[in-house]
Structure formats: structure tokens, C-alpha cells
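Chemist: Provided herewith is a single structure, encoded as C-alpha cells, for subsequent inquiry.
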Amino acid sequence: PRAPIFSFLFVILLIAIIAIGALRDSIESWAPTYIYETFNIKSENAIIGSIFLPILSVAFIYLSLFIYQKLIKNPIILALVYFVIALLLVILLLTFGDKSTILTFILMALIFGLSCGTNHNLISYIPIYFKDSGKVSTIASILNAFTYAGSAIATYAIALVSNENNYGWQGAKIVWLGLIIFTVILFVILIKPWNNRINKLTSTKNE
């Protein structure tokens, strides 16, 4: 029998995907403005620095592929590891994010890269484990669509929060912190139902 798509597991995955897309694209969109306004550097220098973000995203996608194939073959655990690292980095960003241009850019770039690697990890590997639903392509498309839903929400939200009449860039960093903590919690929640799915698939295959 085909498994239903919208199970508890899949719904929590969609929520996590929204948060990941929000984090990834809001940092990519606002990193140049943040660095420009915080350190008062030339706008062209801030923009040039942001050019490296797409390059870094490709590097983290390949890194994610390597780690998944060689070290951590559970996409949920790999995503959790990535976001725990991102949590440590965003705490450093909150603490030292107005001290050094280079350090700030490195921290933002790494958080962005980790979110790209996690997003690729989930969208590429999760649908494979739903093949018993008979809708692998549909699931991949839904996951991808929800990534951009998160992107649309966060791009507007960061613009609103970071406005100097509201909470400024410190507020934006707190939003990023909140997104990461929320996503870490979701991945922890997902571990048990994900392991249950893996065990179910394994037992079915062995029958």
C-alpha cells in the first residue's frame, strides 16, 4: 500500500524547509546591506563580497554530498549537525557582528553555506525515502516550493525588522538566531519518526 504524503513526518519537514529557506535567502539578500550599514564601507565592496555567497553555496552542496555518502547517511542527522554548527556561528555573529568586517562576512557566509547544504541535503535525499508513496517527483517539487515560500516571507520580514525605526540589525540577527533554534528543535523532533520510517522501509524490503 502506498503511504500518505502528508504524514506528521512530512508536515514537520515542510515547516523545517520553510525556516531553512527563510534563513538562506534572507542572509543572501541582506548580507551586503548589513555589512555596508554596519561598517560604513563602500557599497561596491559590500556587493562584491556578496558575489562569493553563490560560489560558497556550490561548495557546501558538494561538501554535503561528500559527508552524506561517506560519513552521515541519515539526512535528518546531517541537517541537525549542520544547524547546530550554524547555531554556534550565529551566536558569534550576535556577539562580534559589529567588531570586524571580515569576521562578520565569514560568519554570515558560513551560516549561509550551511543552510544551502542543508536545503540541498533534504530536497535531494528525502524524496527517495518516500518512494512507497508513489509520488517522489511531487514530494521533491513540494519541498522545493516550500523553500521559496520561506524565502519570500523572510525577505520581507528582515526588511521590516532591520528598519532603523524598528529593531535594526540586532533585531535581524535575533530573527536568524530564532530561525536556527526553531529548526534545530524540529530536527530533534524528526529523529524518531524518521528512524521509524527507515525501519519500516528496511523491514518491507526484507520481506
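Quick note on naming: the chains in the C-alpha cells go A, B, ... in the order shown, residues restart at 1 in each chain, and ligands are numbered from 1 in order of appearance.
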Which residues are close to range 94-104 of chain A, i.e. within 9 Å by only C-alpha atoms, leaving aside same-chain residues fewer than 4 positions away? Reply as a short mmCIF file (atom, residue, chain, number, x, y, z; two decimals) with N, CA and C atoms, in the first residue's frame.
Modeler:
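Dumped everything to part02.cif:
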data_model
loop_
_atom_site.label_atom_id
_atom_site.label_comp_id
_atom_site.auth_asym_id
_atom_site.auth_seq_id
_atom_site.Cartn_x
_atom_site.Cartn_y
_atom_site.Cartn_z
N ILE A 35 26.42 44.61 6.02
CA ILE A 35 27.84 44.94 6.11
C ILE A 35 28.07 46.40 5.75
N THR A 38 26.62 48.57 8.69
CA THR A 38 27.29 48.35 9.98
C THR A 38 28.71 48.91 9.99
N PHE A 39 29.43 48.74 8.89
CA PHE A 39 30.85 49.11 8.87
C PHE A 39 31.14 50.31 7.98
N ILE A 41 31.33 50.78 4.82
CA ILE A 41 32.28 50.57 3.74
C ILE A 41 31.62 50.96 2.42
N LEU A 89 27.59 29.58 15.21
CA LEU A 89 28.07 30.69 14.39
C LEU A 89 27.20 31.94 14.54
N VAL A 90 25.88 31.76 14.64
CA VAL A 90 25.02 32.93 14.77
C VAL A 90 25.16 33.56 16.15
N MET A 108 28.65 35.15 8.37
CA MET A 108 27.42 35.16 7.58
C MET A 108 27.53 34.19 6.40
N ALA A 109 28.71 34.15 5.80
CA ALA A 109 28.93 33.26 4.66
C ALA A 109 28.81 31.80 5.08
N GLN A 170 20.48 44.33 14.87
CA GLN A 170 20.50 43.42 16.01
C GLN A 170 19.21 42.60 16.03
N LYS A 173 19.49 39.86 13.43
CA LYS A 173 20.32 38.75 13.91
C LYS A 173 19.56 37.88 14.90
N ILE A 174 18.72 38.49 15.69
CA ILE A 174 17.91 37.72 16.64
C ILE A 174 16.89 36.86 15.87
N LEU A 177 18.78 33.95 14.66
CA LEU A 177 19.00 33.05 15.79
C LEU A 177 17.73 32.23 16.07
#
Chemist: Between CA of Leu114 in chain A and CA of Phe60 in chain A, what distance in Å does the model show, to one decimal?
Modeler: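 Separating CA of Leu114 in chain A from CA of Phe60 in chain A is a distance of 6.7 Å.
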Chemist: Using only C-alpha atoms for the distances, tell me which of A:Ala31, A:Ala172, A:Ile180, A:Ile191 is nearest to Leu87 in chain A.
Modeler: A:Ile180
Chemist: Work out how far apart CA of Pro193 in chain A and CA of Leu13 in chain A are and give it in Å to one decimal.
Modeler: 10.9 Å
Chemist: Could you produce a table of the residues of range 4-109 of chain A lying within 8 Å of range 135-156 of chain A, with the nearest pair of atoms per residue and their separation in Å rounded to one decimal, using only C-alpha atoms, ordered by chain and increasing residue number, as a tab-separated table?
Modeler:
residue	atom	partner	partner_atom	distance
A:Ile5	CA	A:Ile139	CA	7.7
A:Leu14	CA	A:Leu143	CA	6.4
A:Ile17	CA	A:Thr147	CA	5.4
A:Ile18	CA	A:Gly150	CA	4.2
A:Ala19	CA	A:Gly150	CA	6.0
A:Ile20	CA	A:Thr147	CA	6.9
A:Gly21	CA	A:Thr147	CA	4.4
A:Ala22	CA	A:Gly150	CA	4.3
A:Leu23	CA	A:Ala154	CA	7.2
A:Arg24	CA	A:Ser151	CA	7.4
A:Asp25	CA	A:Ser151	CA	5.3
A:Ser26	CA	A:Thr155	CA	5.1
A:Ser29	CA	A:Thr155	CA	7.1
Chemist: Of the candidates A:Val11, A:Lys42, A:Asn195, A:Gly117, which one gets nearest to Phe66 in chain A if we count only C-alpha atoms?
Modeler: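 Of A:Val11, A:Lys42, A:Asn195, A:Gly117, the one nearest Phe66 in chain A, counting only C-alpha atoms, is A:Gly117.
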Chemist: Could you tell me which of A:Ile198, A:Ala16, A:Asn74, A:Val58 comes closest to Phe130 in chain A if we count only C-alpha atoms?
Modeler: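 Distance minimum relative to Phe130 in chain A lands on A:Ile198.
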Chemist: Residues within 12 Å of Ile55 in chain A, please, as a list in words. Count only C-alpha atoms; anything in the same chain fewer than 6 positions from it doesn't count.
Modeler: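 Result of the neighbour search: Glu28, Gly49, Ile61, Tyr62, Ala109, Leu110, Phe112, Gly113 and Cys116 of chain A.
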